Amino acid sequence: MGPLARTGMGVALACGVLVTAVSIGQSSDSSGKSHDKSTAEEISKGPYVALGDSYTSGPKIPPQTGTPAGCDRSGRNYPALVAKGLGLKTADFRDVSCSGATISDLTTSQSTGNGTNPAQLSALTADTRLVTLGIGGNDIDFSSMITKCVGTGTLFKLAERVTDITDKAPCEEKYTSGGTDKVAQKISTAGDRLTRALNEIQRRAPEARVYVVGYPSILPAKGTRCGRGLPIAPGDVTFLREKQQQLNTMLGKRARAAGATYVDTFTPSAGHDACSPAATRWIEPLKPSSPAAMVHPNERGERGMATAVLSTVKS
């Protein structure tokens, strides 16, 4: 996803993935396909290609590397840490993730405002052995949702002295007016796009193990903990958290259906959301206390996501 004020969250909300459990000897992935070679052995030889949005690229986390500069890639994002953890050579690792990327940017070039990123899938070859993909948040406009809900929550915060807003969800009402869940519709549409993209990944890199990486927990289970860091009405915190979970559920289902493996980063990030203490959070609030884009992973978050990917690959 892209930075909140510029390209959209990946988000805040990819944000922002992919194939089989690792074992020695013959193994079977979540799609039921058998593999005669050691997955760990194959992956350790590379090449590894990282695809995704800003939750993958790591905007504002130093050092910022790669081109174009507008993609906001960090040398300490989770793909870089995964490559290091697998002992891959520099020549066998390519990170083409880009802040603000949508699923369509996997197959078409993306203008960033500071350079153009080629279609991300152009980095794949028949020799590619590992692919991670973190994307989807920008396809449902999660950044815009956060922004609107913060604005609405601020107004309700001012009225808190005279009105009990504990159960109010003014932002949710806008997105579900007329009995239509607009966010659910966007998630479904994004799912269809993701399936096509995963099929294309398989076509271009038929020997690659593909891991679809979900989004870590951005908001807490209880909205009353956010306060000034993210002034969203408590009811809307619940609404946004549910929508993020629905997005992750879609990513998991589509990944498995395409023969890829889903990496859950939501569960290990519990208690490390943007409303948690600065010393433990993975996601920064509106005013980051660590180098990171607002409502995006900090370096601790990228490490946590890398741990989840490596654990899945080696499990």
# chains A, B, ... in the order shown; residues from 1 in each chain; ligands from 1
>>> residues_around(residues="A:Ala255", least_positions_apart="2", cutoff="10 Å", atoms="only C-alpha atoms", output="short mmCIF file (atom, residue, chain, number, x, y, z; two decimals) with C-alpha atoms, in the first residue's frame")
data_model
loop_
_atom_site.label_atom_id
_atom_site.label_comp_id
_atom_site.auth_asym_id
_atom_site.auth_seq_id
_atom_site.Cartn_x
_atom_site.Cartn_y
_atom_site.Cartn_z
CA VAL A 17 1.99 -13.55 0.00
CA LEU A 18 2.35 -17.10 -1.21
CA VAL A 19 2.83 -21.39 -1.74
CA SER A 30 -2.38 -26.54 0.38
CA SER A 31 -3.65 -27.21 -3.13
CA GLY A 191 -10.37 -11.28 -5.16
CA LEU A 194 -5.93 -11.54 -7.44
CA THR A 195 -6.89 -14.93 -8.85
CA LEU A 198 -1.79 -15.59 -9.27
CA VAL A 210 4.35 -18.56 -4.05
CA TYR A 211 3.42 -17.06 -0.66
CA VAL A 212 0.61 -14.53 -0.31
CA VAL A 213 1.34 -12.36 2.74
CA THR A 249 -9.70 -13.99 4.60
CA MET A 250 -10.16 -13.30 0.90
CA LEU A 251 -6.38 -13.29 0.35
CA GLY A 252 -6.10 -16.66 2.07
CA LYS A 253 -8.93 -18.29 0.15
CA ALA A 257 -7.42 -21.93 -4.56
CA ALA A 258 -4.54 -20.95 -6.85
CA GLY A 259 -2.12 -23.43 -5.26
CA ALA A 260 -0.26 -20.79 -3.25
CA THR A 261 0.29 -20.57 0.52
CA TYR A 262 -1.14 -17.83 2.70
CA VAL A 263 1.06 -16.23 5.37
#
>>> residues_around(residues="stretch 294-304 of chain A", least_positions_apart="6", cutoff="7 Å", atoms="only C-alpha atoms", output="list in words")
Pro3, Leu4, Ala12, Tyr55, Gly58, Ile61, Arg76, Asn77, Tyr78, Ala274, Trp282, Ile283, Glu284, Pro285, Leu286, Lys287 and Pro288 of chain A
>>> write_last_selection(atoms="N, CA, C and O atoms", output="short mmCIF file (atom, residue, chain, number, x, y, z; two decimals), in the first residue's frame")
data_model
loop_
_atom_site.label_atom_id
_atom_site.label_comp_id
_atom_site.auth_asym_id
_atom_site.auth_seq_id
_atom_site.Cartn_x
_atom_site.Cartn_y
_atom_site.Cartn_z
N PRO A 3 1.82 5.42 1.11
CA PRO A 3 1.69 6.29 2.24
C PRO A 3 0.34 6.96 2.27
O PRO A 3 -0.20 7.33 1.25
N LEU A 4 -0.20 7.18 3.47
CA LEU A 4 -1.58 7.63 3.65
C LEU A 4 -1.86 8.93 2.92
O LEU A 4 -2.89 9.09 2.30
N ALA A 12 -3.55 0.82 5.17
CA ALA A 12 -2.81 1.24 6.31
C ALA A 12 -2.56 0.04 6.78
O ALA A 12 -2.10 -0.65 6.76
N TYR A 55 3.07 -1.93 2.33
CA TYR A 55 3.27 -2.75 3.52
C TYR A 55 4.42 -3.72 3.29
O TYR A 55 5.01 -4.24 4.23
N GLY A 58 7.93 -0.81 2.68
CA GLY A 58 8.46 -0.19 3.90
C GLY A 58 8.82 1.27 3.78
O GLY A 58 9.96 1.65 4.07
N ILE A 61 11.24 3.73 6.26
CA ILE A 61 12.11 2.93 7.11
C ILE A 61 13.50 2.96 6.49
O ILE A 61 13.69 2.52 5.36
N ARG A 76 15.37 -2.74 4.89
CA ARG A 76 15.04 -3.55 6.06
C ARG A 76 13.57 -3.94 6.05
O ARG A 76 12.99 -4.17 7.10
N ASN A 77 12.98 -3.99 4.85
CA ASN A 77 11.59 -4.45 4.79
C ASN A 77 11.58 -5.98 4.90
O ASN A 77 12.62 -6.64 4.90
N TYR A 78 10.38 -6.57 4.97
CA TYR A 78 10.35 -8.01 5.21
C TYR A 78 10.95 -8.84 4.07
O TYR A 78 11.58 -9.87 4.33
N ALA A 274 -1.59 -0.13 15.84
CA ALA A 274 -1.22 1.29 15.86
C ALA A 274 -1.62 1.99 17.14
O ALA A 274 -1.13 3.09 17.43
N TRP A 282 3.76 -2.54 16.02
CA TRP A 282 4.29 -2.82 14.69
C TRP A 282 3.83 -1.77 13.69
O TRP A 282 4.47 -1.57 12.65
N ILE A 283 2.71 -1.15 13.96
CA ILE A 283 2.12 -0.17 13.04
C ILE A 283 2.13 1.20 13.70
O ILE A 283 1.74 1.35 14.87
N GLU A 284 2.57 2.21 12.97
CA GLU A 284 2.63 3.56 13.52
C GLU A 284 1.28 4.27 13.37
O GLU A 284 0.56 4.06 12.39
N PRO A 285 0.93 5.14 14.33
CA PRO A 285 -0.32 5.91 14.24
C PRO A 285 -0.15 7.12 13.32
O PRO A 285 0.78 7.16 12.51
N LEU A 286 -1.05 8.10 13.44
CA LEU A 286 -1.00 9.27 12.56
C LEU A 286 0.30 10.07 12.72
O LEU A 286 0.79 10.66 11.76
N LYS A 287 0.83 10.09 13.94
CA LYS A 287 2.10 10.76 14.19
C LYS A 287 3.12 9.71 14.61
O LYS A 287 3.23 9.38 15.79
N PRO A 288 3.87 9.18 13.65
CA PRO A 288 4.81 8.10 13.95
C PRO A 288 5.87 8.51 14.97
O PRO A 288 6.38 9.64 14.93
#
>>> closest_residue(among="A:Gly52, A:Gly137, A:Pro47, A:Pro234", to="A:Asn117", atoms="only C-alpha atoms")
A:Gly52
>>> closest_residue(among="A:Ala308, A:Ala184, A:Leu133, A:Ile140", to="A:Gln246", atoms="only C-alpha atoms")
A:Ala184
>>> residues_around(residues="A:Ser109", least_positions_apart="4", cutoff="7 Å", atoms="only C-alpha atoms", output="list in words")
Asp105, Thr116, Asn117, Pro118 and Ala119 of chain A
>>> select_by_dssp(residues="stretch 66-204 of chain A", states="helix (DSSP H, G or I)", output="PyMOL selection string")
chain A and resi 69-71+78-85+90-92+103-106+120-123+138-140+142-158+170-175+177-179+182-204
>>> atom_distance(atom1="atom CA of A:Thr132", atom2="atom CA of A:Ser276")
27.6 Å
>>> residues_around(residues="A:Lys148", least_positions_apart="6", cutoff="10 Å", atoms="only C-alpha atoms", output="PyMOL selection string")
chain A and resi 142+154+171+174+232
>>> select_by_dssp(residues="stretch 147-289 of chain A", states="strand (DSSP E)", output="list in words")
Arg209, Val210, Tyr211, Val212, Val213, Thr261, Tyr262 and Val263 of chain A
>>> decode(residues="stretch 240-252 of chain A", atoms="all heavy atoms", output="PDB file, in the first residue's frame")
ATOM      1  N   LEU A 240     -13.677  -1.233  10.946  1.00  0.00           N
ATOM      2  CA  LEU A 240     -12.479  -1.275  10.111  1.00  0.00           C
ATOM      3  C   LEU A 240     -11.667  -2.547  10.367  1.00  0.00           C
ATOM      4  O   LEU A 240     -11.107  -3.131   9.442  1.00  0.00           O
ATOM      5  CB  LEU A 240     -11.619  -0.045  10.375  1.00  0.00           C
ATOM      6  CG  LEU A 240     -12.199   1.282   9.889  1.00  0.00           C
ATOM      7  CD1 LEU A 240     -11.367   2.455  10.394  1.00  0.00           C
ATOM      8  CD2 LEU A 240     -12.283   1.316   8.360  1.00  0.00           C
ATOM      9  N   ARG A 241     -11.603  -2.963  11.611  1.00  0.00           N
ATOM     10  CA  ARG A 241     -10.888  -4.197  11.937  1.00  0.00           C
ATOM     11  C   ARG A 241     -11.557  -5.394  11.265  1.00  0.00           C
ATOM     12  O   ARG A 241     -10.883  -6.278  10.723  1.00  0.00           O
ATOM     13  CB  ARG A 241     -10.851  -4.377  13.451  1.00  0.00           C
ATOM     14  CG  ARG A 241     -10.083  -5.607  13.926  1.00  0.00           C
ATOM     15  CD  ARG A 241     -10.095  -5.686  15.443  1.00  0.00           C
ATOM     16  NE  ARG A 241      -9.596  -6.950  15.930  1.00  0.00           N
ATOM     17  CZ  ARG A 241      -8.308  -7.231  16.173  1.00  0.00           C
ATOM     18  NH1 ARG A 241      -7.404  -6.296  15.963  1.00  0.00           N
ATOM     19  NH2 ARG A 241      -7.938  -8.423  16.621  1.00  0.00           N
ATOM     20  N   GLU A 242     -12.879  -5.419  11.280  1.00  0.00           N
ATOM     21  CA  GLU A 242     -13.605  -6.511  10.625  1.00  0.00           C
ATOM     22  C   GLU A 242     -13.347  -6.512   9.122  1.00  0.00           C
ATOM     23  O   GLU A 242     -13.201  -7.587   8.510  1.00  0.00           O
ATOM     24  CB  GLU A 242     -15.095  -6.373  10.904  1.00  0.00           C
ATOM     25  CG  GLU A 242     -15.481  -6.682  12.352  1.00  0.00           C
ATOM     26  CD  GLU A 242     -16.945  -6.418  12.627  1.00  0.00           C
ATOM     27  OE1 GLU A 242     -17.626  -5.806  11.756  1.00  0.00           O
ATOM     28  OE2 GLU A 242     -17.423  -6.810  13.709  1.00  0.00           O
ATOM     29  N   LYS A 243     -13.280  -5.334   8.519  1.00  0.00           N
ATOM     30  CA  LYS A 243     -13.035  -5.258   7.080  1.00  0.00           C
ATOM     31  C   LYS A 243     -11.621  -5.727   6.746  1.00  0.00           C
ATOM     32  O   LYS A 243     -11.393  -6.383   5.714  1.00  0.00           O
ATOM     33  CB  LYS A 243     -13.270  -3.835   6.567  1.00  0.00           C
ATOM     34  CG  LYS A 243     -14.729  -3.419   6.621  1.00  0.00           C
ATOM     35  CD  LYS A 243     -15.609  -4.432   5.892  1.00  0.00           C
ATOM     36  CE  LYS A 243     -17.069  -4.293   6.219  1.00  0.00           C
ATOM     37  NZ  LYS A 243     -17.882  -5.381   5.635  1.00  0.00           N
ATOM     38  N   GLN A 244     -10.663  -5.415   7.616  1.00  0.00           N
ATOM     39  CA  GLN A 244      -9.315  -5.902   7.380  1.00  0.00           C
ATOM     40  C   GLN A 244      -9.280  -7.420   7.467  1.00  0.00           C
ATOM     41  O   GLN A 244      -8.623  -8.098   6.666  1.00  0.00           O
ATOM     42  CB  GLN A 244      -8.325  -5.308   8.377  1.00  0.00           C
ATOM     43  CG  GLN A 244      -6.894  -5.723   8.040  1.00  0.00           C
ATOM     44  CD  GLN A 244      -5.893  -5.417   9.129  1.00  0.00           C
ATOM     45  OE1 GLN A 244      -6.205  -4.760  10.120  1.00  0.00           O
ATOM     46  NE2 GLN A 244      -4.683  -5.885   8.955  1.00  0.00           N
ATOM     47  N   GLN A 245      -9.986  -7.974   8.427  1.00  0.00           N
ATOM     48  CA  GLN A 245     -10.039  -9.432   8.553  1.00  0.00           C
ATOM     49  C   GLN A 245     -10.704 -10.072   7.342  1.00  0.00           C
ATOM     50  O   GLN A 245     -10.290 -11.138   6.880  1.00  0.00           O
ATOM     51  CB  GLN A 245     -10.768  -9.821   9.836  1.00  0.00           C
ATOM     52  CG  GLN A 245      -9.978  -9.500  11.104  1.00  0.00           C
ATOM     53  CD  GLN A 245     -10.766  -9.781  12.365  1.00  0.00           C
ATOM     54  OE1 GLN A 245     -11.871  -9.283  12.545  1.00  0.00           O
ATOM     55  NE2 GLN A 245     -10.202 -10.568  13.260  1.00  0.00           N
ATOM     56  N   GLN A 246     -11.735  -9.411   6.810  1.00  0.00           N
ATOM     57  CA  GLN A 246     -12.393  -9.925   5.604  1.00  0.00           C
ATOM     58  C   GLN A 246     -11.439  -9.887   4.416  1.00  0.00           C
ATOM     59  O   GLN A 246     -11.421 -10.811   3.590  1.00  0.00           O
ATOM     60  CB  GLN A 246     -13.644  -9.117   5.314  1.00  0.00           C
ATOM     61  CG  GLN A 246     -14.785  -9.370   6.300  1.00  0.00           C
ATOM     62  CD  GLN A 246     -15.973  -8.448   6.085  1.00  0.00           C
ATOM     63  OE1 GLN A 246     -16.115  -7.837   5.021  1.00  0.00           O
ATOM     64  NE2 GLN A 246     -16.841  -8.340   7.082  1.00  0.00           N
ATOM     65  N   LEU A 247     -10.639  -8.832   4.339  1.00  0.00           N
ATOM     66  CA  LEU A 247      -9.648  -8.741   3.265  1.00  0.00           C
ATOM     67  C   LEU A 247      -8.639  -9.881   3.391  1.00  0.00           C
ATOM     68  O   LEU A 247      -8.330 -10.564   2.406  1.00  0.00           O
ATOM     69  CB  LEU A 247      -8.932  -7.390   3.323  1.00  0.00           C
ATOM     70  CG  LEU A 247      -7.738  -7.209   2.380  1.00  0.00           C
ATOM     71  CD1 LEU A 247      -8.164  -7.327   0.919  1.00  0.00           C
ATOM     72  CD2 LEU A 247      -7.057  -5.865   2.630  1.00  0.00           C
ATOM     73  N   ASN A 248      -8.121 -10.096   4.587  1.00  0.00           N
ATOM     74  CA  ASN A 248      -7.159 -11.181   4.797  1.00  0.00           C
ATOM     75  C   ASN A 248      -7.769 -12.547   4.502  1.00  0.00           C
ATOM     76  O   ASN A 248      -7.111 -13.424   3.927  1.00  0.00           O
ATOM     77  CB  ASN A 248      -6.639 -11.144   6.235  1.00  0.00           C
ATOM     78  CG  ASN A 248      -5.540 -10.116   6.446  1.00  0.00           C
ATOM     79  OD1 ASN A 248      -4.866  -9.714   5.503  1.00  0.00           O
ATOM     80  ND2 ASN A 248      -5.353  -9.683   7.681  1.00  0.00           N
ATOM     81  N   THR A 249      -9.022 -12.723   4.885  1.00  0.00           N
ATOM     82  CA  THR A 249      -9.700 -13.994   4.596  1.00  0.00           C
ATOM     83  C   THR A 249      -9.784 -14.237   3.099  1.00  0.00           C
ATOM     84  O   THR A 249      -9.550 -15.352   2.607  1.00  0.00           O
ATOM     85  CB  THR A 249     -11.113 -13.999   5.205  1.00  0.00           C
ATOM     86  OG1 THR A 249     -11.012 -13.921   6.638  1.00  0.00           O
ATOM     87  CG2 THR A 249     -11.870 -15.271   4.834  1.00  0.00           C
ATOM     88  N   MET A 250     -10.107 -13.189   2.358  1.00  0.00           N
ATOM     89  CA  MET A 250     -10.157 -13.303   0.898  1.00  0.00           C
ATOM     90  C   MET A 250      -8.779 -13.675   0.342  1.00  0.00           C
ATOM     91  O   MET A 250      -8.657 -14.553  -0.526  1.00  0.00           O
ATOM     92  CB  MET A 250     -10.645 -11.989   0.284  1.00  0.00           C
ATOM     93  CG  MET A 250     -10.690 -11.990  -1.245  1.00  0.00           C
ATOM     94  SD  MET A 250      -9.106 -11.608  -2.049  1.00  0.00           S
ATOM     95  CE  MET A 250      -9.010  -9.833  -1.781  1.00  0.00           C
ATOM     96  N   LEU A 251      -7.734 -13.008   0.829  1.00  0.00           N
ATOM     97  CA  LEU A 251      -6.383 -13.289   0.348  1.00  0.00           C
ATOM     98  C   LEU A 251      -6.030 -14.758   0.587  1.00  0.00           C
ATOM     99  O   LEU A 251      -5.448 -15.415  -0.282  1.00  0.00           O
ATOM    100  CB  LEU A 251      -5.372 -12.386   1.055  1.00  0.00           C
ATOM    101  CG  LEU A 251      -5.473 -10.878   0.783  1.00  0.00           C
ATOM    102  CD1 LEU A 251      -4.477 -10.112   1.654  1.00  0.00           C
ATOM    103  CD2 LEU A 251      -5.232 -10.567  -0.688  1.00  0.00           C
ATOM    104  N   GLY A 252      -6.391 -15.265   1.762  1.00  0.00           N
ATOM    105  CA  GLY A 252      -6.096 -16.656   2.072  1.00  0.00           C
ATOM    106  C   GLY A 252      -6.836 -17.633   1.174  1.00  0.00           C
ATOM    107  O   GLY A 252      -6.259 -18.597   0.662  1.00  0.00           O
TER     108      GLY A 252
END
